[in-house]
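For reference, coords.txt (compact mmCIF, C-alpha atoms and all ligand atoms):
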# COMPACT_ATOMS: atom_id res chain seq x y z
CA MET A 5 -28.97 54.23 -93.74
CA GLY A 6 -28.81 51.14 -95.92
CA PRO A 7 -27.10 47.96 -94.74
CA ARG A 8 -24.31 48.40 -97.30
CA LEU A 9 -23.46 51.88 -96.00
CA ALA A 10 -23.62 50.66 -92.39
CA ALA A 11 -21.24 47.80 -93.29
CA LEU A 12 -18.86 50.24 -95.01
CA ILE A 13 -18.86 52.58 -92.01
CA ALA A 14 -18.26 49.64 -89.64
CA ALA A 15 -15.38 48.37 -91.84
CA GLY A 16 -13.89 51.90 -92.01
CA ALA A 17 -14.14 52.29 -88.23
CA GLY A 18 -12.55 48.84 -87.75
CA LEU A 19 -9.67 49.74 -90.07
CA GLY A 20 -9.25 53.07 -88.25
CA VAL A 21 -8.99 51.30 -84.88
CA LEU A 22 -6.52 48.77 -86.33
CA GLY A 23 -4.46 51.64 -87.79
CA LEU A 24 -4.39 53.41 -84.43
CA LEU A 25 -3.39 50.18 -82.68
CA ALA A 26 -0.60 49.58 -85.20
CA TYR A 27 0.60 53.18 -84.77
CA TRP A 28 0.66 52.77 -80.99
CA ALA A 29 2.37 49.36 -81.13
CA LEU A 30 5.04 50.26 -83.70
CA VAL A 31 5.58 54.00 -83.40
CA LEU A 32 4.41 55.36 -80.05
CA SER A 33 5.61 52.45 -77.91
CA GLU A 34 8.47 51.58 -80.30
CA GLY A 35 7.49 47.91 -80.60
CA VAL A 36 8.00 47.07 -76.96
CA TYR A 37 4.69 45.21 -76.60
CA LEU A 38 5.53 43.11 -79.68
CA GLY A 39 8.71 41.59 -78.23
CA PRO A 40 12.43 42.36 -77.86
CA TRP A 41 13.24 41.37 -81.45
CA VAL A 42 10.89 44.04 -82.76
CA VAL A 43 12.49 46.73 -80.55
CA THR A 44 15.98 45.64 -81.62
CA TRP A 45 14.96 45.50 -85.27
CA LEU A 46 13.52 49.02 -85.07
CA TYR A 47 16.67 50.39 -83.40
CA ASP A 48 18.90 48.57 -85.90
CA ARG A 49 16.97 50.33 -88.68
CA VAL A 50 17.11 53.78 -87.08
CA ALA A 51 20.72 53.54 -85.82
CA PRO A 52 22.45 55.52 -88.63
CA ARG A 53 19.98 58.40 -88.11
CA TYR A 54 19.53 58.12 -84.32
CA ASP A 55 21.93 60.88 -83.25
CA ARG A 56 20.55 63.25 -85.86
CA ILE A 57 16.96 62.56 -84.77
CA LYS A 58 17.76 62.86 -81.05
CA ASN A 59 19.97 65.88 -81.45
CA SER A 60 21.20 65.51 -77.86
CA CYS A 61 23.23 68.43 -76.60
CA PRO A 62 26.70 67.47 -75.23
CA GLU A 63 26.67 70.45 -72.83
CA ASP A 64 23.31 69.34 -71.39
CA ASP A 65 24.50 65.73 -71.13
CA SER A 66 27.55 66.94 -69.26
CA ARG A 67 25.53 69.18 -66.92
CA CYS A 68 22.60 66.82 -66.25
CA LEU A 69 24.19 63.36 -66.52
CA ALA A 70 27.98 63.15 -66.46
CA ARG A 71 28.86 65.83 -63.90
CA PRO A 72 26.20 64.84 -61.32
CA LEU A 73 27.24 61.19 -61.73
CA LEU A 74 30.90 62.07 -61.14
CA LEU A 75 29.87 64.14 -58.15
CA ALA A 76 27.94 61.18 -56.72
CA LEU A 77 31.03 59.02 -57.31
CA ASP A 78 33.30 61.56 -55.70
CA ALA A 79 34.84 59.11 -53.28
CA VAL A 80 35.82 56.64 -56.03
CA PRO A 81 39.00 57.63 -57.87
CA ALA A 82 38.56 55.30 -60.87
CA PRO A 83 34.93 54.19 -61.00
CA LEU A 84 33.66 51.32 -63.11
CA VAL A 85 30.38 52.43 -64.68
CA LEU A 86 27.79 50.34 -66.54
CA ASP A 87 25.43 51.99 -69.02
CA VAL A 88 22.52 49.67 -69.78
CA ALA A 89 20.92 50.14 -73.25
CA THR A 90 23.71 52.54 -74.13
CA GLY A 91 22.57 52.99 -77.74
CA THR A 92 25.08 55.13 -79.64
CA GLY A 93 27.11 55.67 -76.47
CA ARG A 94 25.66 58.92 -75.21
CA LEU A 95 26.48 58.48 -71.51
CA PRO A 96 29.89 56.79 -71.99
CA LEU A 97 30.92 59.63 -74.32
CA ALA A 98 29.63 62.27 -71.93
CA LEU A 99 31.62 60.70 -69.07
CA GLU A 100 34.77 60.28 -71.10
CA ALA A 101 34.59 63.91 -72.17
CA GLU A 102 34.92 65.00 -68.54
CA ALA A 103 38.55 65.87 -67.83
CA ASP A 104 38.41 64.45 -64.29
CA PHE A 105 36.88 61.09 -65.22
CA ALA A 106 39.54 58.49 -64.64
CA GLY A 107 37.35 55.39 -64.67
CA ARG A 108 36.07 52.89 -67.21
CA VAL A 109 32.65 52.57 -68.79
CA VAL A 110 30.95 49.44 -70.05
CA GLY A 111 27.99 50.02 -72.37
CA VAL A 112 25.60 47.24 -73.32
CA ASP A 113 22.75 47.20 -75.81
CA ARG A 114 20.70 44.66 -77.76
CA SER A 115 21.10 46.54 -81.05
CA ALA A 116 24.34 45.72 -82.88
CA ARG A 117 23.89 48.71 -85.18
CA MET A 118 23.41 51.19 -82.34
CA LEU A 119 26.67 49.84 -80.86
CA ALA A 120 28.36 50.10 -84.26
CA GLU A 121 27.43 53.79 -84.32
CA ALA A 122 28.89 54.20 -80.82
CA ARG A 123 32.14 52.56 -81.97
CA ARG A 124 32.40 55.00 -84.85
CA LYS A 125 32.52 57.96 -82.50
CA PRO A 126 35.50 60.35 -82.38
CA ALA A 127 39.00 59.23 -81.65
CA GLY A 128 39.14 61.75 -78.76
CA VAL A 129 37.49 59.11 -76.64
CA GLN A 130 40.03 56.99 -74.80
CA GLN A 131 38.97 53.70 -76.37
CA GLU A 132 40.77 51.61 -73.76
CA ALA A 133 38.48 53.11 -71.10
CA LEU A 134 35.34 52.10 -72.97
CA CYS A 135 33.96 48.63 -73.59
CA LEU A 136 30.81 48.08 -75.67
CA ALA A 137 29.02 44.75 -75.86
CA ARG A 138 25.75 43.23 -76.98
CA ALA A 139 23.60 42.12 -74.08
CA ASP A 140 20.00 42.12 -72.95
CA ALA A 141 19.18 44.44 -70.08
CA GLY A 142 17.10 41.71 -68.48
CA ARG A 143 20.08 39.33 -68.21
CA LEU A 144 23.24 41.30 -67.65
CA PRO A 145 26.33 39.14 -68.27
CA PHE A 146 28.20 40.35 -65.17
CA PRO A 147 28.79 38.99 -61.70
CA ASP A 148 27.07 40.53 -58.69
CA ALA A 149 28.19 43.82 -57.19
CA ILE A 150 31.00 44.90 -59.52
CA PHE A 151 30.00 48.36 -60.78
CA HIS A 152 30.36 51.60 -58.83
CA ALA A 153 27.51 53.11 -60.86
CA VAL A 154 24.83 51.69 -63.14
CA ALA A 155 22.76 53.87 -65.47
CA CYS A 156 19.93 53.38 -67.92
CA ILE A 157 18.99 56.49 -69.88
CA GLU A 158 15.83 56.80 -72.00
CA ALA A 159 15.58 53.04 -72.27
CA LEU A 160 13.97 51.31 -69.27
CA GLU A 161 10.51 51.44 -70.83
CA PHE A 162 11.81 49.66 -73.97
CA THR A 163 13.16 46.66 -72.10
CA GLN A 164 10.86 43.66 -71.93
CA ARG A 165 10.42 43.51 -68.17
CA PRO A 166 11.42 46.83 -66.64
CA ARG A 167 11.22 45.45 -63.08
CA GLU A 168 13.60 42.65 -64.01
CA THR A 169 15.92 45.16 -65.69
CA VAL A 170 15.98 47.25 -62.53
CA ARG A 171 16.64 44.12 -60.41
CA GLU A 172 19.53 43.20 -62.70
CA MET A 173 20.95 46.71 -62.48
CA VAL A 174 20.79 46.56 -58.69
CA ARG A 175 22.33 43.09 -58.66
CA VAL A 176 25.47 44.21 -60.51
CA LEU A 177 25.78 47.41 -58.47
CA ARG A 178 28.30 47.42 -55.62
CA PRO A 179 27.06 48.17 -52.12
CA GLY A 180 27.15 51.95 -51.77
CA GLY A 181 26.99 52.31 -55.59
CA VAL A 182 24.94 54.83 -57.53
CA LEU A 183 21.93 54.00 -59.68
CA LEU A 184 20.71 56.47 -62.32
CA VAL A 185 17.58 55.67 -64.33
CA SER A 186 15.44 57.89 -66.50
CA ASN A 187 11.71 57.63 -65.99
CA ARG A 188 9.15 58.37 -68.71
CA VAL A 189 6.58 60.79 -67.31
CA GLY A 190 3.75 63.07 -68.39
CA CYS A 191 1.28 62.10 -71.10
CA ASP A 192 4.02 60.16 -72.92
CA ALA A 193 3.93 57.67 -70.04
CA LEU A 194 0.35 56.75 -71.01
CA ALA A 195 1.69 54.95 -74.08
CA TYR A 196 3.57 52.50 -71.83
CA PRO A 197 1.06 50.86 -69.49
CA GLY A 198 2.53 48.39 -67.00
CA ARG A 199 6.12 49.53 -67.55
CA LEU A 200 6.98 51.47 -64.37
CA CYS A 201 6.37 54.78 -66.20
CA GLY A 202 4.82 57.86 -64.61
CA ARG A 203 5.94 59.57 -61.43
CA GLY A 204 6.20 57.40 -58.33
CA ARG A 205 6.18 53.84 -59.70
CA LEU A 206 9.89 53.49 -60.40
CA GLU A 207 10.70 55.22 -57.12
CA ARG A 208 8.47 52.77 -55.19
CA ALA A 209 10.03 49.79 -57.00
CA LEU A 210 13.49 51.04 -56.01
CA HIS A 211 12.42 51.46 -52.37
CA ARG A 212 11.05 47.90 -52.40
CA LEU A 213 14.42 46.65 -53.68
CA GLY A 214 16.03 48.22 -50.64
CA LEU A 215 17.66 51.17 -52.38
CA GLU A 216 18.39 54.24 -50.36
CA ALA A 217 18.34 57.99 -51.05
CA VAL A 218 15.84 57.56 -53.90
CA GLU A 219 15.34 60.98 -55.44
CA SER A 220 13.79 62.10 -58.68
CA GLU A 221 14.41 65.32 -60.53
CA ARG A 222 12.77 66.92 -63.57
CA TRP A 223 14.98 66.51 -66.60
CA GLN A 224 13.10 66.76 -69.88
CA VAL A 225 9.42 67.33 -70.59
CA TYR A 226 8.83 63.57 -70.81
CA TYR A 227 11.64 62.25 -68.64
CA ASP A 228 12.61 62.54 -65.00
CA LEU A 229 15.94 61.33 -63.71
CA VAL A 230 15.77 59.00 -60.73
CA TRP A 231 18.85 58.66 -58.53
CA ALA A 232 19.36 56.08 -55.81
CA ARG A 233 22.11 54.40 -53.84
CA LYS A 234 22.50 50.75 -52.91
CA GLY A 235 22.85 50.27 -49.18
CA SER A 236 26.41 49.68 -48.11
CA THR A 237 25.51 46.27 -46.74
CA ASP A 238 24.32 44.12 -49.68
CA THR A 239 20.53 43.58 -49.69
C1 LIG B 301 16.05 55.57 -76.91
S1 LIG B 301 17.47 54.57 -77.04
C2 LIG B 301 18.46 55.25 -75.73
C3 LIG B 301 19.92 55.04 -75.98
C4 LIG B 301 20.85 55.80 -75.01
N1 LIG B 301 20.72 55.32 -73.66
C5 LIG B 301 20.60 57.30 -75.08
O1 LIG B 301 20.24 57.88 -74.06
O2 LIG B 301 20.77 57.86 -76.17
C6 LIG B 301 16.94 53.02 -76.36
C7 LIG B 301 18.00 51.93 -76.47
O3 LIG B 301 17.55 50.81 -75.71
C8 LIG B 301 18.02 49.64 -76.35
N2 LIG B 301 17.28 48.49 -75.80
C9 LIG B 301 15.95 48.29 -75.86
N3 LIG B 301 15.63 47.16 -75.24
C10 LIG B 301 16.78 46.64 -74.75
C11 LIG B 301 17.11 45.49 -74.00
N4 LIG B 301 16.16 44.62 -73.60
N5 LIG B 301 18.39 45.26 -73.68
C12 LIG B 301 19.38 46.12 -74.06
N6 LIG B 301 19.12 47.23 -74.79
C13 LIG B 301 17.84 47.50 -75.13
C14 LIG B 301 17.76 49.94 -77.82
O4 LIG B 301 18.47 49.08 -78.67
C15 LIG B 301 18.22 51.39 -77.89
O5 LIG B 301 19.58 51.48 -78.22
Give the structure from the file, written as structure tokens.
Ligand SMILES: C[S@@+](CC[C@H](N)C(=O)[O-])C[C@H]1O[C@@H](n2cnc3c(N)ncnc32)[C@H](O)[C@@H]1O
Amino acid sequence: MGPRLAALIAAGAGLGVLGLLAYWALVLSEGVYLGPWVVTWLYDRVAPRYDRIKNSCPEDDSRCLARPLLLALDAVPAPLVLDVATGTGRLPLALEAEADFAGRVVGVDRSARMLAEARRKPAGVQQEALCLARADAGRLPFPDAIFHAVACIEALEFTQRPRETVREMVRVLRPGGVLLVSNRVGCDALAYPGRLCGRGRLERALHRLGLEAVESERWQVYYDLVWARKGSTDT
């Protein structure tokens, strides 16, 4: 092989590796290793198509998310729920669609356009029971211990410091309150090194933060749901 051909092959291989890296950084891991502005920019771009791409099923969201959350909040007649990285309002809408939900939901997200999509949702939702605001999951603009439940669905791995996000979620949760976080698992989790993904890591982090009744359940192929409760004496 001549030196020119060897150089061409080396350049081609280099470009291939760069292409793969770019694909991982921008597509597979949705920009999270490039900084929060990149993630927000990507979600702002995709917002008008997000619901169509996700194609979430309202019946499944009711059965797997809203109803179990209401069951866990059984003793609270009008719970105040926080949905961190709410996107287009999937969890708030699922809760509000439940006839026996008499509480209020606050949804926060970094992407203004995802929130704009949530605000466009049907008038059936009791708007006075729903508050949407821009905020970073790593610095929640709420005092300690005010929410009866805090959730973060399909989003923890996209926040800059997942451990900090979880700490913030626990901080704003009332003693005895319910935490619900989805956990990326399976081979998808390999695209998110160092981000609490894969079975066991999130659960251990929650135990270390003093949470009780930490339980995970299979939800989707690439997501588990992790449930926990904050001890009734503040930790
Ligand atoms: C895959 S979507 C999930 C949205 C919604 N929870 C759902 O289940 O449909 C991820 C969301 O996380 C939001 N996000 C990513 N990083 C964030 C951060 N640091 N703070 C707040 N929201 C963030 C994105 O803007 C996006 O709306």
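When the distance limit is 10 Å and only C-alpha atoms are what count, the residues near Gly111 (chain A), minus those fewer than 5 positions from it on the same chain, are Val85, Leu86, Asp87, Val88, Ala89, Thr90, Gly91, Thr92, Gly93, Arg94, Leu95, Pro96, Leu119, Ala122, Leu134, Cys135, Leu136, Ala137, Arg138, Ala139, Val154, Ala155 and Cys156 of chain A.
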Exercise for review: For Arg205 (chain A), please output as number ranges by chain all residues within 12 Å (counting all atoms listed in the file; exclusion window: fewer than 5 positions along the same chain).
Suggested key: A: 166-167, 187-189, 193, 197-200, 210-212, 218, 220, 230
Practice item. Using only C-alpha atoms and all ligand atoms, find each residue with an atom at most 9 Å away from ligand LIG 301 (chain B) and format the answer as a PyMOL selection string. Key: chain A and resi 36+40-41+43-48+51+54-55+58+60+87-95+112-119+138-144+155-166+169+186
Review point. CA of Pro179 (chain A) and CA of Lys234 (chain A) are how many Å apart?
Key: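 It comes out at 5.3 Å.
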Check your understanding: How far is it from CA of Ala120 (chain A) to CA of Pro52 (chain A), in Å with one decimal?
Key ->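 Taking CA of Ala120 (chain A) and CA of Pro52 (chain A), their separation equals 9.1 Å.
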Review point. How far is it from CA of Ser236 (chain A) to CA of Val109 (chain A), in Å with one decimal?
Key: 21.8 Å
Give me, as a short mmCIF file (atom, residue, chain, number, x, y, z; two decimals) with C-alpha atoms, keeping the file's coordinate frame, all polymer residues having an atom no more than 12 Å from Trp28 (chain A), counting only C-alpha atoms and skipping those fewer than 5 positions away in the same chain.
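File written: out-v8.cif
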data_model
loop_
_atom_site.label_atom_id
_atom_site.label_comp_id
_atom_site.auth_asym_id
_atom_site.auth_seq_id
_atom_site.Cartn_x
_atom_site.Cartn_y
_atom_site.Cartn_z
CA VAL A 21 -8.99 51.30 -84.88
CA LEU A 22 -6.52 48.77 -86.33
CA GLY A 23 -4.46 51.64 -87.79
CA SER A 33 5.61 52.45 -77.91
CA GLU A 34 8.47 51.58 -80.30
CA GLY A 35 7.49 47.91 -80.60
CA VAL A 36 8.00 47.07 -76.96
CA TYR A 37 4.69 45.21 -76.60
CA LEU A 38 5.53 43.11 -79.68
CA ASP A 192 4.02 60.16 -72.92
CA LEU A 194 0.35 56.75 -71.01
CA ALA A 195 1.69 54.95 -74.08
CA TYR A 196 3.57 52.50 -71.83
CA PRO A 197 1.06 50.86 -69.49
#
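Of the residues listed (A:Cys201, A:Ala217, A:Val80, A:Ala153), A:Ala153 shows the shortest atom-to-atom separation from Val176 (chain A); distances use all atoms listed in the file.
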Exercise for review: Between A:Val174, A:Val42, A:Ala149, A:Val185, single out the one closest to Leu73 (chain A), counting only C-alpha atoms.
Suggested key: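 Going through A:Val174, A:Val42, A:Ala149, A:Val185 one by one, the smallest distance to Leu73 (chain A) is for A:Val185.
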Check your understanding: So which one's closest to Glu207 (chain A), A:Leu184, A:Cys68, A:Val225, A:Ala10? Using all atoms listed in the file, please.
Key -> A:Leu184
Once you add 8 Å to each side, what are the centre and edge lengths of the axis-aligned box holding all listed atoms of region 200-214 of chain A? One decimal in Å, as JSON, if you can.
{"center_x": 10.4, "center_y": 53.1, "center_z": -58.4, "size_x": 27.2, "size_y": 28.9, "size_z": 31.6}
Review point. Skipping near chain neighbours, those fewer than 6 positions away, what residues fall within 12 Å of Phe105 (chain A) using all atoms listed in the file, listed as a ChimeraX atom specification?
Key: /A:66,70-75,77-78,80-85,96-99,129-130,133-134
Practice item. Using all atoms listed in the file, pick whichever of A:Pro145, A:Ala76, A:Ala106, A:Arg56 has the shortest atom-to-atom distance to Ala232 (chain A). Key: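 Residue with the minimum atom-to-atom distance to Ala232 (chain A): A:Ala76.
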Review point. Hey, which of A:Glu121, A:Asp104, A:Glu172, A:Glu219 ends up closest to Arg49 (chain A)? Count all atoms listed in the file.
Key: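 Residue with the minimum atom-to-atom distance to Arg49 (chain A): A:Glu121.
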